[in-house]
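Asks: One file: final.cif (mmCIF, C-alpha atoms and all ligand atoms).
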data_model
#
loop_
_atom_site.group_PDB
_atom_site.id
_atom_site.type_symbol
_atom_site.label_atom_id
_atom_site.label_comp_id
_atom_site.auth_asym_id
_atom_site.auth_seq_id
_atom_site.Cartn_x
_atom_site.Cartn_y
_atom_site.Cartn_z
ATOM 1 C CA MET R 1 123.645 114.077 74.647
ATOM 2 C CA THR R 2 122.554 111.364 77.077
ATOM 3 C CA ASN R 3 123.328 111.837 80.722
ATOM 4 C CA GLN R 4 122.069 110.787 84.130
ATOM 5 C CA THR R 5 120.720 112.635 87.115
ATOM 6 C CA LEU R 6 120.002 111.983 90.779
ATOM 7 C CA ILE R 7 116.485 112.633 91.987
ATOM 8 C CA LEU R 8 115.396 112.596 95.610
ATOM 9 C CA ILE R 9 111.780 112.719 96.652
ATOM 10 C CA LYS R 10 112.369 114.530 99.936
ATOM 11 C CA PRO R 11 110.648 113.670 103.269
ATOM 12 C CA ASP R 12 107.875 116.266 102.752
ATOM 13 C CA GLY R 13 107.043 114.633 99.416
ATOM 14 C CA LEU R 14 106.701 111.232 101.087
ATOM 15 C CA LYS R 15 104.731 112.655 104.011
ATOM 16 C CA LYS R 16 102.327 114.373 101.610
ATOM 17 C CA SER R 17 101.851 111.099 99.650
ATOM 18 C CA LEU R 18 103.243 112.703 96.516
ATOM 19 C CA THR R 19 105.381 109.805 95.276
ATOM 20 C CA GLY R 20 102.901 108.833 92.576
ATOM 21 C CA ASN R 21 102.281 112.407 91.476
ATOM 22 C CA VAL R 22 105.995 113.159 91.256
ATOM 23 C CA LEU R 23 106.804 109.979 89.323
ATOM 24 C CA THR R 24 103.935 110.701 86.927
ATOM 25 C CA ARG R 25 105.286 114.201 86.296
ATOM 26 C CA LEU R 26 108.776 112.797 85.762
ATOM 27 C CA SER R 27 107.479 110.228 83.281
ATOM 28 C CA GLU R 28 106.648 113.154 80.966
ATOM 29 C CA THR R 29 110.393 113.281 80.267
ATOM 30 C CA LYS R 30 110.345 109.755 78.713
ATOM 31 C CA LEU R 31 113.631 109.099 80.496
ATOM 32 C CA ASP R 32 114.640 105.674 81.846
ATOM 33 C CA ILE R 33 114.781 104.884 85.555
ATOM 34 C CA ILE R 34 118.023 102.983 86.130
ATOM 35 C CA GLY R 35 117.987 102.903 89.946
ATOM 36 C CA ALA R 36 115.484 103.414 92.752
ATOM 37 C CA LYS R 37 115.372 102.882 96.491
ATOM 38 C CA ILE R 38 114.081 104.154 99.829
ATOM 39 C CA ILE R 39 116.743 105.448 102.190
ATOM 40 C CA ARG R 40 116.896 106.645 105.779
ATOM 41 C CA VAL R 41 119.268 109.599 105.546
ATOM 42 C CA SER R 42 122.098 109.755 108.094
ATOM 43 C CA ARG R 43 123.589 113.072 109.199
ATOM 44 C CA LYS R 44 126.800 112.039 107.448
ATOM 45 C CA LEU R 45 125.027 111.497 104.135
ATOM 46 C CA ALA R 46 123.015 114.721 104.529
ATOM 47 C CA ASN R 47 126.146 116.754 105.325
ATOM 48 C CA GLU R 48 128.003 115.290 102.376
ATOM 49 C CA HIS R 49 125.129 115.811 99.953
ATOM 50 C CA TYR R 50 124.697 119.481 100.886
ATOM 51 C CA LYS R 51 128.349 120.237 101.732
ATOM 52 C CA TYR R 52 128.485 123.196 99.335
ATOM 53 C CA LEU R 53 125.845 124.942 101.496
ATOM 54 C CA LYS R 54 127.689 124.490 104.815
ATOM 55 C CA LYS R 55 128.154 128.236 105.321
ATOM 56 C CA GLU R 56 124.500 129.124 104.733
ATOM 57 C CA PRO R 57 122.405 130.235 107.724
ATOM 58 C CA PHE R 58 119.749 127.655 106.861
ATOM 59 C CA PHE R 59 122.212 124.729 106.715
ATOM 60 C CA GLU R 60 121.295 123.044 110.023
ATOM 61 C CA GLU R 61 117.564 123.303 109.266
ATOM 62 C CA LEU R 62 118.196 121.939 105.774
ATOM 63 C CA ILE R 63 120.047 118.931 107.212
ATOM 64 C CA LYS R 64 117.177 118.266 109.636
ATOM 65 C CA TYR R 65 114.694 118.596 106.779
ATOM 66 C CA ILE R 66 116.443 116.102 104.488
ATOM 67 C CA MET R 67 116.963 113.688 107.410
ATOM 68 C CA GLY R 68 113.208 113.751 107.970
ATOM 69 C CA HIS R 69 113.052 115.437 111.360
ATOM 70 C CA TYR R 70 109.842 117.185 110.414
ATOM 71 C CA HIS R 71 108.149 114.573 108.243
ATOM 72 C CA LYS R 72 109.085 110.954 107.596
ATOM 73 C CA LYS R 73 112.587 109.682 108.152
ATOM 74 C CA LYS R 74 113.080 108.541 104.585
ATOM 75 C CA VAL R 75 113.678 109.750 101.059
ATOM 76 C CA MET R 76 113.166 108.010 97.736
ATOM 77 C CA ALA R 77 116.305 108.124 95.615
ATOM 78 C CA LEU R 78 116.187 107.581 91.861
ATOM 79 C CA VAL R 79 118.558 107.781 88.934
ATOM 80 C CA TYR R 80 117.085 108.814 85.585
ATOM 81 C CA TRP R 81 119.039 108.336 82.381
ATOM 82 C CA GLY R 82 118.502 109.530 78.830
ATOM 83 C CA GLU R 83 118.760 112.385 76.362
ATOM 84 C CA GLY R 84 119.270 115.661 78.244
ATOM 85 C CA ALA R 85 118.193 114.037 81.534
ATOM 86 C CA ILE R 86 119.674 116.679 83.840
ATOM 87 C CA ASP R 87 118.009 119.639 82.123
ATOM 88 C CA LYS R 88 114.680 117.914 81.473
ATOM 89 C CA VAL R 89 114.300 116.933 85.124
ATOM 90 C CA ARG R 90 115.396 120.325 86.494
ATOM 91 C CA LYS R 91 112.806 121.988 84.254
ATOM 92 C CA ILE R 92 109.933 119.861 85.563
ATOM 93 C CA CYS R 93 111.141 120.413 89.161
ATOM 94 C CA GLY R 94 111.067 124.206 88.839
ATOM 95 C CA ALA R 95 113.010 126.898 90.694
ATOM 96 C CA THR R 96 114.546 126.281 94.129
ATOM 97 C CA ASN R 97 112.206 128.745 95.847
ATOM 98 C CA PRO R 98 108.743 127.132 95.607
ATOM 99 C CA GLU R 99 107.061 130.534 95.644
ATOM 100 C CA LYS R 100 109.063 131.639 92.625
ATOM 101 C CA ALA R 101 108.839 128.311 90.812
ATOM 102 C CA ASP R 102 106.576 127.994 87.791
ATOM 103 C CA MET R 103 103.194 127.034 89.224
ATOM 104 C CA VAL R 104 102.913 123.922 87.073
ATOM 105 C CA SER R 105 106.373 122.673 88.063
ATOM 106 C CA ILE R 106 106.625 120.082 90.853
ATOM 107 C CA ARG R 107 108.038 122.605 93.309
ATOM 108 C CA GLY R 108 105.520 125.247 92.253
ATOM 109 C CA GLN R 109 102.626 122.834 92.706
ATOM 110 C CA TYR R 110 103.628 121.144 95.935
ATOM 111 C CA GLY R 111 106.393 123.109 97.700
ATOM 112 C CA ARG R 112 106.184 125.580 100.557
ATOM 113 C CA ILE R 113 108.443 127.771 102.679
ATOM 114 C CA THR R 114 108.432 126.889 106.383
ATOM 115 C CA THR R 115 108.158 129.426 109.201
ATOM 116 C CA LYS R 116 111.884 128.769 109.763
ATOM 117 C CA GLY R 117 112.547 129.820 106.177
ATOM 118 C CA VAL R 118 113.479 126.432 104.704
ATOM 119 C CA TYR R 119 112.288 125.760 101.185
ATOM 120 C CA GLU R 120 110.425 122.469 101.511
ATOM 121 C CA ASN R 121 110.395 121.883 97.805
ATOM 122 C CA VAL R 122 109.530 118.162 97.618
ATOM 123 C CA ILE R 123 112.253 117.114 95.202
ATOM 124 C CA HIS R 124 115.975 117.298 94.585
ATOM 125 C CA ALA R 125 117.508 117.013 91.124
ATOM 126 C CA SER R 126 121.168 117.266 90.169
ATOM 127 C CA ALA R 127 122.118 120.692 88.810
ATOM 128 C CA ASN R 128 124.794 119.680 86.289
ATOM 129 C CA LYS R 129 126.985 116.794 85.120
ATOM 130 C CA THR R 130 129.634 117.253 87.796
ATOM 131 C CA GLU R 131 127.062 117.332 90.573
ATOM 132 C CA ALA R 132 125.173 114.384 89.082
ATOM 133 C CA LYS R 133 128.324 112.265 89.129
ATOM 134 C CA ARG R 134 129.185 113.254 92.695
ATOM 135 C CA GLU R 135 125.627 112.715 93.918
ATOM 136 C CA ILE R 136 124.885 109.424 92.159
ATOM 137 C CA ARG R 137 128.154 107.945 93.456
ATOM 138 C CA LEU R 138 127.260 109.196 96.935
ATOM 139 C CA TRP R 139 123.728 107.773 97.053
ATOM 140 C CA PHE R 140 124.107 104.554 95.028
ATOM 141 C CA GLU R 141 126.482 101.603 94.825
ATOM 142 C CA PRO R 142 127.397 100.492 91.294
ATOM 143 C CA ASP R 143 125.386 97.253 91.539
ATOM 144 C CA GLU R 144 122.245 99.156 92.508
ATOM 145 C CA LEU R 145 122.097 100.638 89.004
ATOM 146 C CA ILE R 146 121.158 98.600 85.968
ATOM 147 C CA MET R 147 123.610 100.451 83.712
ATOM 148 C CA ASP R 148 127.359 101.057 83.933
ATOM 149 C CA ILE R 149 127.469 104.846 83.885
ATOM 150 C CA TYR R 150 130.744 105.510 85.706
ATOM 151 C CA ALA R 151 134.008 103.590 86.008
ATOM 152 C CA THR R 152 134.108 100.942 88.738
ATOM 153 C CA LYS R 153 136.754 98.755 90.299
ATOM 154 C CA LYS R 154 136.647 95.360 92.019
ATOM 155 C CA ILE R 155 137.872 95.092 95.592
ATOM 156 C CA GLU R 156 138.671 91.932 97.536
ATOM 157 C CA SER R 157 136.456 91.895 100.579
ATOM 158 C CA LYS R 158 136.453 89.640 103.628
ATOM 159 C CA LYS R 159 133.255 91.255 104.861
ATOM 160 C CA ASN R 160 130.414 88.950 105.928
ATOM 161 C CA ILE R 161 127.599 89.426 103.478
ATOM 162 C CA GLN R 162 124.071 88.723 104.665
ATOM 163 C CA VAL R 163 121.844 86.606 102.502
ATOM 164 C CA TRP R 164 118.201 85.566 102.845
ATOM 165 C CA LYS R 165 117.482 82.186 104.453
HETATM 166 N N1 LIG Y 201 117.347 125.949 100.334
HETATM 167 C C1 LIG Y 201 116.661 126.713 101.272
HETATM 168 N N2 LIG Y 201 116.818 128.080 101.230
HETATM 169 C C2 LIG Y 201 117.585 128.703 100.309
HETATM 170 C C3 LIG Y 201 118.258 127.917 99.358
HETATM 171 C C4 LIG Y 201 118.122 126.552 99.397
HETATM 172 O O1 LIG Y 201 115.955 126.186 102.109
HETATM 173 O O2 LIG Y 201 117.666 129.952 100.318
HETATM 174 C C5 LIG Y 201 117.204 124.465 100.368
HETATM 175 C C6 LIG Y 201 116.175 123.950 99.379
HETATM 176 O O3 LIG Y 201 115.497 122.835 99.953
HETATM 177 C C7 LIG Y 201 117.050 123.524 98.206
HETATM 178 C C8 LIG Y 201 118.297 122.994 98.926
HETATM 179 O O4 LIG Y 201 118.447 123.871 100.041
HETATM 180 O O5 LIG Y 201 116.417 122.571 97.390
HETATM 181 C C9 LIG Y 201 119.550 122.985 98.084
HETATM 182 O O6 LIG Y 201 119.807 124.270 97.594
HETATM 183 P P1 LIG Y 201 120.322 124.524 96.109
HETATM 184 O O7 LIG Y 201 120.768 125.940 96.038
HETATM 185 O O8 LIG Y 201 121.303 123.469 95.731
HETATM 186 O O9 LIG Y 201 118.983 124.402 95.226
HETATM 187 P P2 LIG Y 201 118.456 123.226 94.284
HETATM 188 O O10 LIG Y 201 119.638 122.702 93.506
HETATM 189 O O11 LIG Y 201 117.845 122.175 95.181
HETATM 190 O O12 LIG Y 201 117.432 123.882 93.401
HETATM 191 MG MG MG Y 202 121.543 122.091 94.147
#
Written as structure tokens, how would this file's structure read?
Replies:
Amino acid sequence: MTNQTLILIKPDGLKKSLTGNVLTRLSETKLDIIGAKIIRVSRKLANEHYKYLKKEPFFEELIKYIMGHYHKKKVMALVYWGEGAIDKVRKICGATNPEKADMVSIRGQYGRITTKGVYENVIHASANKTEAKREIRLWFEPDELIMDIYATKKIESKKNIQVWK
């Protein structure tokens, strides 16, 4: 079954110049990239993305990590689409704990645990279809993706839109 998944190259991945390495590993999946951008992560976006971890003792450190407090204040967000996308990408990423992750997985190769106990594991990938839908809709607008993967609606807007001059 085809599906789609959200991938984030986290601030440690960008700081360590791993973008190319990570994209090369992901290309092993033969999936299609249908969206890509660089984002500066706000606290609001970080909180929303990791809201299911709010009660964890590492939550505040995790929010600071994804916002780029310790590395670069940016993440690369991508949507991959294709046969079994969610599972294929999770497999290449490896386990959440970089020390337990398969050594040839992305997290196993490049991740570390900080002295504060945060798993700096280079990459995020959606865990399942429900999460993928929630996350892709959170990180991307419909017109930033080159495929219609979820229902959309048109809204009348009086907002000033900036264009290039
Ligand atoms: N995390 C952490 N310590 C933990 C569990 C998670 O630092 O004990 C961080 C880690 O960066 C992880 C993120 O929180 O990628 C989200 O956790 P989740 O359980 O959703 O793991 P994932 O889906 O990223 O494998
Ligand atoms: Mg998760």
Asks: Which residues sit within 10 Å of ligand MG 202 (chain Y), counting only C-alpha atoms and all ligand atoms, listed as a list in words?
Replies: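 Written in the requested form, the residues are His49, Tyr50, Tyr52, Leu53, Arg90, Thr96, His124, Ala125, Ser126, Ala127, Asn128, Glu131 and Ala132 of chain R.
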Asks: Atom N1 of ligand LIG 201 (chain Y) and atom CA of Leu62 of chain R are how many Å apart?
Replies: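 That distance, rounded to one decimal, is 6.8 Å.
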Asks: Adding 8 Å on each side of the box along x, y and z that holds all listed atoms of ligand LIG 201 (chain Y), could you give its centre and edge lengths in Å to one decimal, as lines of an AutoDock Vina configuration file?
Replies:
center_x = 118.4
center_y = 126.1
center_z = 97.8
size_x = 21.8
size_y = 23.8
size_z = 24.7
Asks: If we count only C-alpha atoms and set the cut-off at 9 Å, which residues sit around Ile113 of chain R, ignoring sequence neighbours fewer than 5 positions away in its own chain? Please answer as number ranges by chain.
Replies: R: 97-99, 118-121
Asks: If I take atom CA of Thr115 of chain R and atom CA of Trp139 of chain R, how far is one from the other in Å, to one decimal?
Replies: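 Taking atom CA of Thr115 of chain R as the start and atom CA of Trp139 of chain R as the end point, the length is 29.3 Å.
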Asks: My list of candidates is R:Arg137, R:Lys15, R:Lys116, R:Lys37. Which is closest to Ala77 of chain R when distances are computed with all atoms listed in the file?
Replies: R:Lys37
Asks: Name all residues at most 12 Å from Leu45 of chain R (count all atoms listed in the file; drop same-chain ones fewer than 4 positions away) and give them as a PyMOL selection string.
Replies: chain R and resi 39-41+49-51+63-64+66-67+75+135+137-140
Asks: Deliver the residues from the most recent selection as a file, using C-alpha atoms, as an mmCIF file, in the frame of the given file.
Replies:
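Generated file (selection.cif):
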data_model
loop_
_atom_site.group_PDB
_atom_site.id
_atom_site.type_symbol
_atom_site.label_atom_id
_atom_site.label_comp_id
_atom_site.auth_asym_id
_atom_site.auth_seq_id
_atom_site.Cartn_x
_atom_site.Cartn_y
_atom_site.Cartn_z
ATOM 1 C CA ILE R 39 116.743 105.448 102.190
ATOM 2 C CA ARG R 40 116.896 106.645 105.779
ATOM 3 C CA VAL R 41 119.268 109.599 105.546
ATOM 4 C CA HIS R 49 125.129 115.811 99.953
ATOM 5 C CA TYR R 50 124.697 119.481 100.886
ATOM 6 C CA LYS R 51 128.349 120.237 101.732
ATOM 7 C CA ILE R 63 120.047 118.931 107.212
ATOM 8 C CA LYS R 64 117.177 118.266 109.636
ATOM 9 C CA ILE R 66 116.443 116.102 104.488
ATOM 10 C CA MET R 67 116.963 113.688 107.410
ATOM 11 C CA VAL R 75 113.678 109.750 101.059
ATOM 12 C CA GLU R 135 125.627 112.715 93.918
ATOM 13 C CA ARG R 137 128.154 107.945 93.456
ATOM 14 C CA LEU R 138 127.260 109.196 96.935
ATOM 15 C CA TRP R 139 123.728 107.773 97.053
ATOM 16 C CA PHE R 140 124.107 104.554 95.028
#
Asks: Identify, on the basis of all atoms listed in the file, every residue whose closest approach to Asn3 of chain R does not exceed 12 Å; exclude the query and any residue fewer than 4 positions from it along the same chain; express the result as a CSV table (one decimal) with C-alpha atoms, in the coordinates of the input.
Replies:
chain,number,residue,atom,x,y,z
R,31,LEU,CA,113.6,109.1,80.5
R,32,ASP,CA,114.6,105.7,81.8
R,34,ILE,CA,118.0,103.0,86.1
R,79,VAL,CA,118.6,107.8,88.9
R,80,TYR,CA,117.1,108.8,85.6
R,81,TRP,CA,119.0,108.3,82.4
R,82,GLY,CA,118.5,109.5,78.8
R,83,GLU,CA,118.8,112.4,76.4
R,84,GLY,CA,119.3,115.7,78.2
R,85,ALA,CA,118.2,114.0,81.5
R,86,ILE,CA,119.7,116.7,83.8
R,87,ASP,CA,118.0,119.6,82.1
R,88,LYS,CA,114.7,117.9,81.5
R,89,VAL,CA,114.3,116.9,85.1
R,126,SER,CA,121.2,117.3,90.2
R,128,ASN,CA,124.8,119.7,86.3
R,129,LYS,CA,127.0,116.8,85.1
R,130,THR,CA,129.6,117.3,87.8
R,131,GLU,CA,127.1,117.3,90.6
R,132,ALA,CA,125.2,114.4,89.1
R,133,LYS,CA,128.3,112.3,89.1
R,136,ILE,CA,124.9,109.4,92.2
R,147,MET,CA,123.6,100.5,83.7
R,148,ASP,CA,127.4,101.1,83.9
R,149,ILE,CA,127.5,104.8,83.9
R,150,TYR,CA,130.7,105.5,85.7
Asks: What is the atom N1 of ligand LIG 201 (chain Y) to atom CA of Phe58 of chain R distance in Å?
Replies: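 According to the coordinates, atom N1 of ligand LIG 201 (chain Y) and atom CA of Phe58 of chain R are separated by 7.2 Å.
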Asks: Considering all atoms listed in the file, state which residue in the set R:Leu78, R:Ile7, R:Ile33, R:Leu18 is at the smallest distance from ligand LIG 201 (chain Y).
Replies: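 Of all the options, R:Ile7 lies closest to ligand LIG 201 (chain Y).
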Asks: Taking into account all atoms listed in the file, which residue in the set R:Pro142, R:Gly94, R:Gly108, R:Gly20 is nearest to ligand LIG 201 (chain Y)?
Replies: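 Of R:Pro142, R:Gly94, R:Gly108, R:Gly20, the one nearest ligand LIG 201 (chain Y), counting all atoms listed in the file, is R:Gly94.
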Asks: R:Ile123, R:Met1, R:Leu145, R:Ile155: which is nearest ligand LIG 201 (chain Y), counting only C-alpha atoms and all ligand atoms?
Replies: R:Ile123
Asks: Please determine, counting only C-alpha atoms and all ligand atoms, which residue among R:Arg43, R:Lys72, R:Lys16, R:Lys10 has the shortest atom-to-atom distance to ligand LIG 201 (chain Y).
Replies: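 Of R:Arg43, R:Lys72, R:Lys16, R:Lys10, the one nearest ligand LIG 201 (chain Y), counting only C-alpha atoms and all ligand atoms, is R:Lys10.
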Asks: Determine the nearest neighbour of Thr24 of chain R from the options R:Leu8, R:Ala46, R:Ile106, R:Ala36, counting all atoms listed in the file.
Replies: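 Using all atoms listed in the file, Thr24 of chain R sits closest to R:Ile106.
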